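One structure is given here, and the rest of the page talks about it.
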Amino acid sequence: MNPLEHKKIAVIGCGTIGSHLSKFIAQTGAGTGTGTLTLIDNQSLSAANIGRHLLGIEYMGQNKAIALSHEIKRHLPDVNVRAISDDAWRSVRQLDLYDLVIDATGEESLSISINEYFIDRRFNDSPTPAVLHIWLSGRGDAAQMLLVHSKEFACYKCLSPDFGGTERYSPLLSDYNPKGIPAACGDSAYMPYGVGSPAIAAGLANVAVVDWATSNGRPHLRTIPINSRTTKNIGDGNPKRNERCPACGKR
Ligand SMILES: [Zn+2]
């Protein structure tokens with residue numbers, strides 16, 4: 001059985017999580033039959049990425065989405081994989097008729113925008129893909145994901161509905177305040193963790209993608225604590241929409 005056969009799946013963000021996850025879902029059958037696996041990223045692979053990324057030194061300087069498509073083709077030549085080397089926000093509008101969009105950007109502001117775009121479509125009763133957000137909390141202290149595929153349950157913004165407020169399902173201990181170490185090379189804050197955390201996040205999302213394809217995708221919110229000193233176990237579940245959510249609460 002190939003649960004991802006004939007599915008149109010897109011991965012936005014081919015960084016540390018997205019690169020491993022794209023290979024995992026290709027190995028699970030994405031991009032087979034009439035299905036496609038679309039990879040989206042406008043950045044190039046840099047030396048700072050190598051320690052945690054699926055791609056190695058031979059792809060340095062190349063666009064991450066294009067290089068990743070080549071790497072997946074090298075392992076799995078029959079997979080229908082295509083790359084979009086463009087900005088995530090412009091590309092998202094090409095994905096309305098997809099079955100599943102995976103937000104692996106790991107950038108909260110971008111995830112909020114992606115969420116809002118698809119929530120608007122869903123509540124306008126326009127064709128809308130299921131959307132799976134996957135991210136790391138803290139300094140790779142926990143992997144967390146949310147599947148959004150119906151009006152009834154929480155959207156990404158429902159998890160943190162108040163401006164500047166706390167995350168309702170944060171796995172981080174309340175007295176733990178992770179700060180990124182400013183990078184010298186012009187990258188934004190550098191979070192010092194190894195390949196393990198993004199690989200765990202990619203594994204978590206891969207299991208959820210199979211559940212989405214084979215059943216009702218529950219539980220929608222899943223967390224794997226990675227660092228036991230900085231996290232608490234919050235359990236998995238299916239949170240409902242939050243009435244204060246600026247994206248979906250007043251609908
Ligand atoms: Zn919401």
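Chain lettering (A, B, ...) mirrors the order of the structure tokens, residue numbering begins at 1 for each chain separately, and ligand numbering begins at 1 in order of display.
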**In stretch 55-239 of chain A, DSSP strand (DSSP E or B) residues written as an MDAnalysis selection string** = chainID A and resid 63 81:84 100:103 130:137 142:148 153 172 181 190 221:225 231 237
**Message:** Residues contacting ligand 1 - anything with an atom at most 6 Å away, using only C-alpha atoms and all ligand atoms - can you give me those as an MDAnalysis selection string?
**Reply:** chainID A and resid 154:155 157:158 241:242 245 247:249
For the residues in the current selection, export N, CA, C and O atoms as a short mmCIF file (atom, residue, chain, number, x, y, z; two decimals), in the first residue's frame.
```cif
data_model
loop_
_atom_site.label_atom_id
_atom_site.label_comp_id
_atom_site.auth_asym_id
_atom_site.auth_seq_id
_atom_site.Cartn_x
_atom_site.Cartn_y
_atom_site.Cartn_z
N ALA A 154 -8.57 23.85 15.86
CA ALA A 154 -7.65 24.99 15.96
C ALA A 154 -6.83 25.18 14.70
O ALA A 154 -6.38 24.22 14.07
N CYS A 155 -6.64 26.45 14.35
CA CYS A 155 -5.68 26.79 13.31
C CYS A 155 -4.35 27.14 13.99
O CYS A 155 -4.25 27.15 15.23
N LYS A 157 -2.81 29.92 14.36
CA LYS A 157 -2.85 31.13 15.19
C LYS A 157 -3.65 30.91 16.48
O LYS A 157 -3.45 31.62 17.46
N CYS A 158 -4.54 29.92 16.48
CA CYS A 158 -5.29 29.59 17.71
C CYS A 158 -4.35 29.17 18.84
O CYS A 158 -4.71 29.26 20.01
N ARG A 241 -11.12 25.39 17.88
CA ARG A 241 -10.87 26.79 17.54
C ARG A 241 -10.97 27.65 18.80
O ARG A 241 -11.79 27.39 19.67
N ASN A 242 -10.12 28.69 18.83
CA ASN A 242 -10.13 29.62 19.95
C ASN A 242 -10.90 30.88 19.52
O ASN A 242 -10.60 31.47 18.49
N CYS A 245 -9.01 33.95 18.49
CA CYS A 245 -8.04 33.83 17.37
C CYS A 245 -8.33 34.88 16.30
O CYS A 245 -9.45 34.94 15.78
N ALA A 247 -7.37 34.90 13.32
CA ALA A 247 -7.51 34.30 11.98
C ALA A 247 -8.87 33.62 11.81
O ALA A 247 -9.51 33.75 10.77
N CYS A 248 -9.31 32.86 12.82
CA CYS A 248 -10.53 32.07 12.61
C CYS A 248 -11.58 32.25 13.71
O CYS A 248 -12.69 31.73 13.59
N GLY A 249 -11.27 33.03 14.76
CA GLY A 249 -12.14 33.05 15.93
C GLY A 249 -13.51 33.68 15.73
O GLY A 249 -14.49 33.28 16.36
#
```
**Message:** List as a list of chain:residue names the protein and nucleic acid residues near A:Val210, meaning an atom at most 12 Å away when only C-alpha atoms are counted, but skip any in the same chain fewer than 6 places from it.
**Reply:** A:Met1, A:Asn2, A:Pro3, A:Leu4, A:Glu5, A:Lys7, A:Phe24, A:Ile25, A:Ala26, A:Gln27, A:Thr28, A:Gly29, A:Ala30, A:Leu100, A:Leu132, A:Leu147, A:Gly203, A:Leu204, A:Asn216, A:Gly217, A:Arg218
Could you take the residues named above and write them with all heavy atoms, as a short mmCIF file (atom, residue, chain, number, x, y, z; two decimals), in the first residue's frame?
```cif
data_model
loop_
_atom_site.label_atom_id
_atom_site.label_comp_id
_atom_site.auth_asym_id
_atom_site.auth_seq_id
_atom_site.Cartn_x
_atom_site.Cartn_y
_atom_site.Cartn_z
N MET A 1 0.84 -1.20 0.00
CA MET A 1 0.00 0.00 0.00
C MET A 1 0.87 1.25 0.00
O MET A 1 1.86 1.32 0.71
CB MET A 1 -0.89 0.00 1.24
CG MET A 1 -1.97 1.05 1.20
SD MET A 1 -2.91 1.13 2.74
CE MET A 1 -1.96 2.32 3.66
N ASN A 2 0.48 2.21 -0.80
CA ASN A 2 1.20 3.48 -0.85
C ASN A 2 0.22 4.61 -0.54
O ASN A 2 -0.50 5.07 -1.42
CB ASN A 2 1.83 3.65 -2.24
CG ASN A 2 2.47 5.02 -2.39
OD1 ASN A 2 2.46 5.84 -1.46
ND2 ASN A 2 2.99 5.29 -3.56
N PRO A 3 0.18 5.06 0.71
CA PRO A 3 -0.86 6.01 1.09
C PRO A 3 -0.74 7.38 0.43
O PRO A 3 -1.70 8.14 0.39
CB PRO A 3 -0.68 6.14 2.62
CG PRO A 3 0.73 5.74 2.88
CD PRO A 3 1.05 4.70 1.84
N LEU A 4 0.44 7.72 -0.07
CA LEU A 4 0.63 9.06 -0.65
C LEU A 4 0.54 9.05 -2.18
O LEU A 4 0.72 10.10 -2.81
CB LEU A 4 1.96 9.64 -0.19
CG LEU A 4 2.16 9.75 1.33
CD1 LEU A 4 3.46 10.46 1.67
CD2 LEU A 4 0.98 10.46 2.00
N GLU A 5 0.25 7.87 -2.76
CA GLU A 5 0.12 7.79 -4.21
C GLU A 5 -0.99 8.73 -4.69
O GLU A 5 -2.05 8.84 -4.06
CB GLU A 5 -0.21 6.34 -4.62
CG GLU A 5 -0.13 6.09 -6.11
CD GLU A 5 -0.39 4.63 -6.43
OE1 GLU A 5 -1.07 3.96 -5.64
OE2 GLU A 5 0.10 4.16 -7.47
N LYS A 7 -1.27 11.84 -4.57
CA LYS A 7 -1.49 13.06 -3.80
C LYS A 7 -0.60 14.19 -4.33
O LYS A 7 0.56 13.96 -4.71
CB LYS A 7 -1.16 12.85 -2.31
CG LYS A 7 -1.92 11.71 -1.66
CD LYS A 7 -3.36 12.07 -1.41
CE LYS A 7 -3.99 11.03 -0.49
NZ LYS A 7 -5.45 10.97 -0.64
N PHE A 24 11.92 11.98 3.50
CA PHE A 24 11.08 10.99 4.18
C PHE A 24 9.77 10.75 3.44
O PHE A 24 9.35 9.61 3.22
CB PHE A 24 10.76 11.44 5.62
CG PHE A 24 11.91 11.38 6.59
CD1 PHE A 24 11.78 11.94 7.85
CD2 PHE A 24 13.11 10.77 6.26
CE1 PHE A 24 12.82 11.89 8.77
CE2 PHE A 24 14.16 10.72 7.17
CZ PHE A 24 14.02 11.28 8.41
N ILE A 25 9.08 11.84 3.04
CA ILE A 25 7.77 11.63 2.41
C ILE A 25 7.93 11.10 0.99
O ILE A 25 7.06 10.39 0.50
CB ILE A 25 6.85 12.87 2.48
CG1 ILE A 25 7.46 14.08 1.81
CG2 ILE A 25 6.44 13.18 3.89
CD1 ILE A 25 6.48 15.25 1.75
N ALA A 26 9.06 11.40 0.33
CA ALA A 26 9.33 10.77 -0.97
C ALA A 26 9.50 9.27 -0.78
O ALA A 26 9.00 8.45 -1.56
CB ALA A 26 10.57 11.39 -1.61
N GLN A 27 10.21 8.88 0.28
CA GLN A 27 10.38 7.45 0.58
C GLN A 27 9.07 6.79 0.95
O GLN A 27 8.92 5.58 0.86
CB GLN A 27 11.39 7.28 1.73
CG GLN A 27 12.82 7.60 1.34
CD GLN A 27 13.75 7.58 2.55
OE1 GLN A 27 13.54 8.30 3.53
NE2 GLN A 27 14.78 6.75 2.48
N THR A 28 8.10 7.60 1.41
CA THR A 28 6.80 7.09 1.82
C THR A 28 5.81 7.07 0.66
O THR A 28 4.67 6.67 0.82
CB THR A 28 6.24 7.96 2.98
OG1 THR A 28 7.29 8.18 3.94
CG2 THR A 28 5.11 7.29 3.72
N GLY A 29 6.24 7.54 -0.51
CA GLY A 29 5.39 7.42 -1.69
C GLY A 29 4.90 8.72 -2.29
O GLY A 29 4.14 8.71 -3.26
N ALA A 30 5.30 9.85 -1.74
CA ALA A 30 4.91 11.13 -2.36
C ALA A 30 5.51 11.22 -3.76
O ALA A 30 6.62 10.75 -4.01
CB ALA A 30 5.38 12.29 -1.50
N LEU A 100 -2.18 18.57 0.16
CA LEU A 100 -1.51 18.85 1.43
C LEU A 100 -0.38 19.84 1.22
O LEU A 100 0.44 19.67 0.30
CB LEU A 100 -0.93 17.54 2.02
CG LEU A 100 -0.13 17.68 3.32
CD1 LEU A 100 -1.03 18.09 4.48
CD2 LEU A 100 0.60 16.38 3.64
N LEU A 132 -0.15 21.32 7.15
CA LEU A 132 0.59 20.79 8.30
C LEU A 132 1.74 21.72 8.62
O LEU A 132 2.61 21.96 7.78
CB LEU A 132 1.10 19.37 7.99
CG LEU A 132 1.66 18.56 9.18
CD1 LEU A 132 1.53 17.06 8.89
CD2 LEU A 132 3.10 18.89 9.51
N LEU A 147 -1.83 19.88 12.45
CA LEU A 147 -2.52 19.66 11.17
C LEU A 147 -3.82 20.46 11.19
O LEU A 147 -4.60 20.36 12.13
CB LEU A 147 -2.81 18.17 10.98
CG LEU A 147 -3.61 17.81 9.73
CD1 LEU A 147 -2.76 18.02 8.47
CD2 LEU A 147 -4.11 16.37 9.78
N GLY A 203 10.63 13.37 11.31
CA GLY A 203 10.02 12.07 11.56
C GLY A 203 8.61 12.19 12.10
O GLY A 203 7.70 11.48 11.68
N LEU A 204 8.43 13.13 13.03
CA LEU A 204 7.10 13.38 13.60
C LEU A 204 6.11 13.78 12.50
O LEU A 204 4.99 13.26 12.43
CB LEU A 204 7.20 14.48 14.66
CG LEU A 204 5.91 14.98 15.28
CD1 LEU A 204 5.25 13.89 16.12
CD2 LEU A 204 6.18 16.22 16.16
N ASN A 216 -8.12 10.08 9.80
CA ASN A 216 -8.57 11.47 10.00
C ASN A 216 -7.46 12.41 10.47
O ASN A 216 -7.72 13.55 10.80
CB ASN A 216 -9.74 11.51 10.98
CG ASN A 216 -9.36 10.93 12.33
OD1 ASN A 216 -8.17 10.83 12.65
ND2 ASN A 216 -10.33 10.53 13.12
N GLY A 217 -6.24 11.92 10.49
CA GLY A 217 -5.12 12.79 10.82
C GLY A 217 -4.96 13.10 12.30
O GLY A 217 -4.11 13.90 12.67
N ARG A 218 -5.77 12.50 13.14
CA ARG A 218 -5.67 12.79 14.58
C ARG A 218 -4.56 11.98 15.23
O ARG A 218 -4.30 10.87 14.79
CB ARG A 218 -7.01 12.49 15.26
CG ARG A 218 -8.12 13.37 14.76
CD ARG A 218 -9.38 13.10 15.54
NE ARG A 218 -10.51 13.82 14.94
CZ ARG A 218 -11.68 13.99 15.53
NH1 ARG A 218 -11.88 13.52 16.74
NH2 ARG A 218 -12.64 14.65 14.93
#
```
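Atom pair atom CA of A:Lys8 / atom CA of A:Asp99: separated by 5.2 Å.
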**Residue nearest A:Phe153 - candidates A:Lys240, A:His75, A:Asp87, A:Thr128, atoms counted: only C-alpha atoms** = A:Lys240
**Message:** Nearest residue to A:Ser197 out of A:Ala67, A:Leu136, A:Ile50, A:Ile234, using only C-alpha atoms?
**Reply:**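 Once distances to A:Ser197 are computed over only C-alpha atoms, the minimum belongs to A:Leu136.
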**Prompt:** Near A:Tyr156, within 8 Å and counting only C-alpha atoms, which residues show up once chain neighbours fewer than 5 positions away are dropped, as a PyMOL selection string?
**Reply:** chain A and resi 111-112+115+133+146+148
Could you give me, as a tab-separated table (two decimals) with N, CA and C atoms, in the first residue's frame, the residues within 12 Å of A:Ile12, counting only C-alpha atoms and dropping anything in the same chain fewer than 2 positions from it?
```tsv
chain	number	residue	atom	x	y	z
A	9	ILE	N	1.39	17.16	-3.05
A	9	ILE	CA	1.93	17.61	-1.76
A	9	ILE	C	3.02	18.65	-2.01
A	10	ALA	N	2.98	19.73	-1.24
A	10	ALA	CA	4.02	20.76	-1.35
A	10	ALA	C	4.70	20.93	0.00
A	14	CYS	N	12.80	24.48	2.57
A	14	CYS	CA	13.68	23.32	2.41
A	14	CYS	C	14.94	23.50	3.25
A	15	GLY	N	14.74	23.92	4.47
A	15	GLY	CA	15.85	24.08	5.42
A	15	GLY	C	16.11	22.79	6.15
A	16	THR	N	16.46	22.90	7.42
A	16	THR	CA	16.87	21.69	8.14
A	16	THR	C	15.72	20.70	8.28
A	17	ILE	N	14.54	21.15	8.72
A	17	ILE	CA	13.41	20.23	8.85
A	17	ILE	C	12.90	19.82	7.47
A	18	GLY	N	12.69	20.80	6.60
A	18	GLY	CA	12.08	20.53	5.29
A	18	GLY	C	12.90	19.60	4.42
A	19	SER	N	14.23	19.68	4.53
A	19	SER	CA	15.06	18.82	3.68
A	19	SER	C	14.91	17.35	4.08
A	21	LEU	N	12.43	16.04	5.88
A	21	LEU	CA	11.04	15.64	5.73
A	21	LEU	C	10.70	15.35	4.26
A	22	SER	N	11.21	16.16	3.34
A	22	SER	CA	10.92	15.94	1.92
A	22	SER	C	11.43	14.57	1.47
A	37	LEU	N	5.35	16.01	-5.83
A	37	LEU	CA	5.98	16.54	-4.63
A	37	LEU	C	6.67	17.83	-5.04
A	38	THR	N	6.16	18.96	-4.54
A	38	THR	CA	6.69	20.27	-4.92
A	38	THR	C	7.47	20.86	-3.75
A	39	LEU	N	8.69	21.31	-4.02
A	39	LEU	CA	9.58	21.84	-2.99
A	39	LEU	C	9.77	23.34	-3.25
A	40	ILE	N	9.61	24.14	-2.20
A	40	ILE	CA	9.65	25.60	-2.37
A	40	ILE	C	10.66	26.21	-1.40
A	41	ASP	N	11.61	26.96	-1.96
A	41	ASP	CA	12.56	27.71	-1.13
A	41	ASP	C	13.30	28.68	-2.04
A	42	ASN	N	13.55	29.89	-1.57
A	42	ASN	CA	14.27	30.86	-2.40
A	42	ASN	C	15.70	31.09	-1.92
A	43	GLN	N	16.14	30.30	-0.93
A	43	GLN	CA	17.49	30.51	-0.40
A	43	GLN	C	18.49	29.49	-0.93
A	64	LYS	N	18.24	25.80	-2.49
A	64	LYS	CA	17.92	24.62	-1.67
A	64	LYS	C	16.83	23.74	-2.29
A	65	ALA	N	15.78	24.36	-2.84
A	65	ALA	CA	14.68	23.57	-3.40
A	65	ALA	C	15.15	22.78	-4.62
A	83	ALA	N	10.73	21.69	-8.26
A	83	ALA	CA	11.23	22.72	-7.35
A	83	ALA	C	10.76	24.09	-7.79
A	84	ILE	N	10.42	24.93	-6.82
A	84	ILE	CA	10.10	26.34	-7.07
A	84	ILE	C	11.09	27.16	-6.25
A	85	SER	N	11.96	27.90	-6.96
A	85	SER	CA	13.01	28.66	-6.26
A	85	SER	C	12.53	30.10	-6.06
A	86	ASP	N	11.37	30.21	-5.46
A	86	ASP	CA	10.77	31.54	-5.30
A	86	ASP	C	10.36	31.75	-3.85
A	87	ASP	N	10.00	32.96	-3.57
A	87	ASP	CA	9.53	33.38	-2.26
A	87	ASP	C	8.30	32.57	-1.84
A	88	ALA	N	8.25	32.15	-0.58
A	88	ALA	CA	7.16	31.31	-0.09
A	88	ALA	C	5.81	32.01	-0.23
A	89	TRP	N	5.79	33.29	0.05
A	89	TRP	CA	4.52	34.01	0.05
A	89	TRP	C	3.92	34.09	-1.35
A	90	ARG	N	4.79	34.31	-2.38
A	90	ARG	CA	4.27	34.33	-3.76
A	90	ARG	C	3.85	32.93	-4.20
A	91	SER	N	4.62	31.92	-3.76
A	91	SER	CA	4.38	30.56	-4.23
A	91	SER	C	3.11	29.95	-3.65
A	92	VAL	N	2.73	30.41	-2.45
A	92	VAL	CA	1.62	29.76	-1.74
A	92	VAL	C	0.33	29.85	-2.56
A	93	ARG	N	0.22	30.88	-3.38
A	93	ARG	CA	-0.99	31.06	-4.18
A	93	ARG	C	-1.11	30.05	-5.30
A	94	GLN	N	-0.04	29.32	-5.58
A	94	GLN	CA	-0.10	28.27	-6.61
A	94	GLN	C	-0.56	26.94	-6.03
A	95	LEU	N	-0.83	26.90	-4.72
A	95	LEU	CA	-1.04	25.61	-4.05
A	95	LEU	C	-2.50	25.37	-3.65
A	100	LEU	N	-2.18	18.57	0.16
A	100	LEU	CA	-1.51	18.85	1.43
A	100	LEU	C	-0.38	19.84	1.22
A	101	VAL	N	-0.35	20.86	2.05
A	101	VAL	CA	0.77	21.82	2.07
A	101	VAL	C	1.46	21.70	3.42
A	102	ILE	N	2.76	21.50	3.39
A	102	ILE	CA	3.53	21.39	4.63
A	102	ILE	C	4.33	22.68	4.82
A	103	ASP	N	4.08	23.34	5.93
A	103	ASP	CA	4.81	24.56	6.27
A	103	ASP	C	5.99	24.15	7.16
A	104	ALA	N	7.16	24.08	6.54
A	104	ALA	CA	8.38	23.73	7.28
A	104	ALA	C	9.32	24.93	7.32
A	105	THR	N	8.73	26.13	7.26
A	105	THR	CA	9.57	27.33	7.23
A	105	THR	C	10.25	27.57	8.58
A	106	GLY	N	9.59	27.16	9.66
A	106	GLY	CA	10.16	27.40	10.99
A	106	GLY	C	10.22	28.86	11.36
A	107	GLU	N	9.57	29.72	10.59
A	107	GLU	CA	9.52	31.17	10.86
A	107	GLU	C	8.11	31.53	11.25
A	110	LEU	N	6.03	33.91	9.04
A	110	LEU	CA	5.67	33.31	7.76
A	110	LEU	C	4.58	32.26	7.95
A	111	SER	N	4.68	31.49	9.03
A	111	SER	CA	3.65	30.48	9.32
A	111	SER	C	2.30	31.14	9.56
A	114	ILE	N	0.94	32.12	6.13
A	114	ILE	CA	0.49	30.93	5.39
A	114	ILE	C	-0.84	30.45	5.97
A	131	VAL	N	-3.28	21.64	5.77
A	131	VAL	CA	-2.00	22.32	6.02
A	131	VAL	C	-1.37	21.75	7.28
A	132	LEU	N	-0.15	21.32	7.15
A	132	LEU	CA	0.59	20.79	8.30
A	132	LEU	C	1.74	21.72	8.62
A	133	HIS	N	1.70	22.31	9.82
A	133	HIS	CA	2.80	23.17	10.28
A	133	HIS	C	3.71	22.33	11.17
A	134	ILE	N	5.02	22.41	10.93
A	134	ILE	CA	5.98	21.66	11.76
A	134	ILE	C	7.09	22.62	12.17
```
**Prompt:** For A:Met145, which of A:Thr231, A:Ser126, A:Ser170, A:Gln62 is the closest residue, counting only C-alpha atoms?
**Reply:**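 Between A:Thr231, A:Ser126, A:Ser170, A:Gln62, the residue approaching A:Met145 most closely is A:Ser170.
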**Request:** Considering only C-alpha atoms, state which residue in the set A:Lys151, A:Arg52, A:Arg229, A:His70 is at the smallest distance from A:Val195.
**Result:**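 When distances to A:Val195 are compared using only C-alpha atoms, the smallest one comes from A:Arg52.
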